[in-house]
Amino acid sequence: MLNKVILIGRLTRDPELRYTPNGVAVAKFTLAIDRKFNRDETDFIDIVAWRGLAENCANYLGKGRLAAVEGRLQIRSYEGQDGQKRKAVEVVADDVRFLDKGGNAGAGRETGSARSNAPGDAWDNLGREADLDNIDFVDSSEDNNDEIPF
């Protein structure tokens, strides 16, 4: 079985950070994600982050920030105050990447990841122009062209 969701969008408001009675941090926020079919449409997806990830999201994300969320889809049922049964659909985040430098919200905050910020991470170069001076080109004039050069 597989339940994996990857989303990129902008926060519609600042993350709401709360703590459970046991002291576990939980942050909730909503991503606005554009989709284009016959006309422009936007989906608003609720995101839930737990523990240290929740605290990082609350500290470094804000309304309007561009973020990538990787996690799983969760559908839960509950009974509303009016006694009606309801369902909530949300993404439980395993990783959140901060994809901009803050813009209007969170000015001065660094681009990074709530999970890790390891150097050489593939996400760090997202959107950057390639530097052709540092690429090793393979000389195809050698006698044995059947071999793969790596």
# chains A, B, ... in the order shown; residues from 1 in each chain; ligands from 1
>>> closest_atom_pairs(of="region 36-111 of chain A", to="region 5-15 of chain A", cutoff="8 Å", atoms="only C-alpha atoms", output="CSV")
residue,atom,partner,partner_atom,distance
A:Cys57,CA,A:Pro15,CA,6.9
A:Ala58,CA,A:Pro15,CA,5.3
A:Leu61,CA,A:Asp14,CA,6.8
A:Gly62,CA,A:Asp14,CA,4.3
A:Lys63,CA,A:Arg13,CA,4.1
A:Gly64,CA,A:Leu11,CA,5.0
A:Arg65,CA,A:Arg10,CA,5.3
A:Leu66,CA,A:Arg10,CA,4.5
A:Ala67,CA,A:Ile8,CA,5.7
A:Ala68,CA,A:Ile8,CA,4.3
A:Val69,CA,A:Leu7,CA,5.2
A:Glu70,CA,A:Ile6,CA,4.5
A:Gly71,CA,A:Val5,CA,5.3
A:Arg72,CA,A:Val5,CA,5.3
A:Leu73,CA,A:Val5,CA,6.6
A:Val91,CA,A:Val5,CA,7.5
>>> write_last_selection(atoms="C-alpha atoms", output="JSON list (two decimals), in the first residue's frame")
[["chain", "number", "residue", "atom", "x", "y", "z"],
["A", 57, "CYS", "CA", 6.92, 25.55, 10.57],
["A", 58, "ALA", "CA", 5.49, 27.96, 13.15],
["A", 61, "LEU", "CA", 6.71, 29.98, 7.75],
["A", 62, "GLY", "CA", 4.13, 32.70, 7.37],
["A", 63, "LYS", "CA", 1.25, 33.82, 5.19],
["A", 64, "GLY", "CA", 2.25, 33.94, 1.53],
["A", 65, "ARG", "CA", 5.39, 31.81, 1.90],
["A", 66, "LEU", "CA", 6.08, 29.19, -0.76],
["A", 67, "ALA", "CA", 6.52, 25.71, 0.70],
["A", 68, "ALA", "CA", 6.76, 22.09, -0.42],
["A", 69, "VAL", "CA", 5.07, 19.51, 1.79],
["A", 70, "GLU", "CA", 5.69, 15.77, 1.66],
["A", 71, "GLY", "CA", 3.43, 13.55, 3.72],
["A", 72, "ARG", "CA", 0.40, 11.29, 3.75],
["A", 73, "LEU", "CA", -3.31, 11.87, 3.21],
["A", 91, "VAL", "CA", -2.15, 15.99, 4.83]]
>>> residues_around(residues="region 48-56 of chain A", least_positions_apart="4", cutoff="6 Å", atoms="only C-alpha atoms", output="ChimeraX atom specification")
/A:24-28,60,92-93,114
>>> write_last_selection(atoms="N, CA and C atoms", output="short mmCIF file (atom, residue, chain, number, x, y, z; two decimals), in the first residue's frame")
data_model
loop_
_atom_site.label_atom_id
_atom_site.label_comp_id
_atom_site.auth_asym_id
_atom_site.auth_seq_id
_atom_site.Cartn_x
_atom_site.Cartn_y
_atom_site.Cartn_z
N VAL A 24 3.06 17.77 23.27
CA VAL A 24 3.50 17.53 21.90
C VAL A 24 3.02 18.68 21.02
N ALA A 25 3.96 19.29 20.27
CA ALA A 25 3.63 20.41 19.40
C ALA A 25 2.88 19.93 18.15
N VAL A 26 1.87 20.68 17.75
CA VAL A 26 1.14 20.42 16.51
C VAL A 26 0.85 21.76 15.84
N ALA A 27 1.20 21.85 14.56
CA ALA A 27 0.95 23.07 13.79
C ALA A 27 0.00 22.74 12.65
N LYS A 28 -0.91 23.66 12.41
CA LYS A 28 -1.86 23.51 11.30
C LYS A 28 -1.76 24.74 10.42
N TYR A 60 9.26 29.54 11.09
CA TYR A 60 9.88 29.98 9.84
C TYR A 60 8.93 30.14 8.67
N VAL A 92 -0.85 14.94 6.59
CA VAL A 92 0.05 14.90 7.74
C VAL A 92 1.47 14.98 7.19
N ALA A 93 2.15 16.07 7.50
CA ALA A 93 3.46 16.36 6.91
C ALA A 93 4.56 15.53 7.55
N ALA A 114 12.36 22.11 7.07
CA ALA A 114 12.02 21.89 8.47
C ALA A 114 12.58 20.56 8.95
#
>>> atom_distance(atom1="CA of Phe29 (chain A)", atom2="CA of Ile45 (chain A)")
8.5 Å
>>> closest_residue(among="A:Asp94, A:Ile47, A:Lys87, A:Thr20", to="Ala32 (chain A)", atoms="only C-alpha atoms")
A:Ile47
>>> atom_distance(atom1="CA of Asp40 (chain A)", atom2="CA of Arg86 (chain A)")
28.8 Å
>>> closest_residue(among="A:Asp100, A:Glu90, A:Asp95, A:Gly83", to="Leu31 (chain A)", atoms="only C-alpha atoms")
A:Glu90
>>> select_by_dssp(residues="region 38-111 of chain A", states="strand (DSSP E)", output="MDAnalysis selection string")
chainID A and resid 40:50 66:79 85:98
>>> atom_distance(atom1="CA of Asp34 (chain A)", atom2="CA of Arg76 (chain A)")
24.9 Å
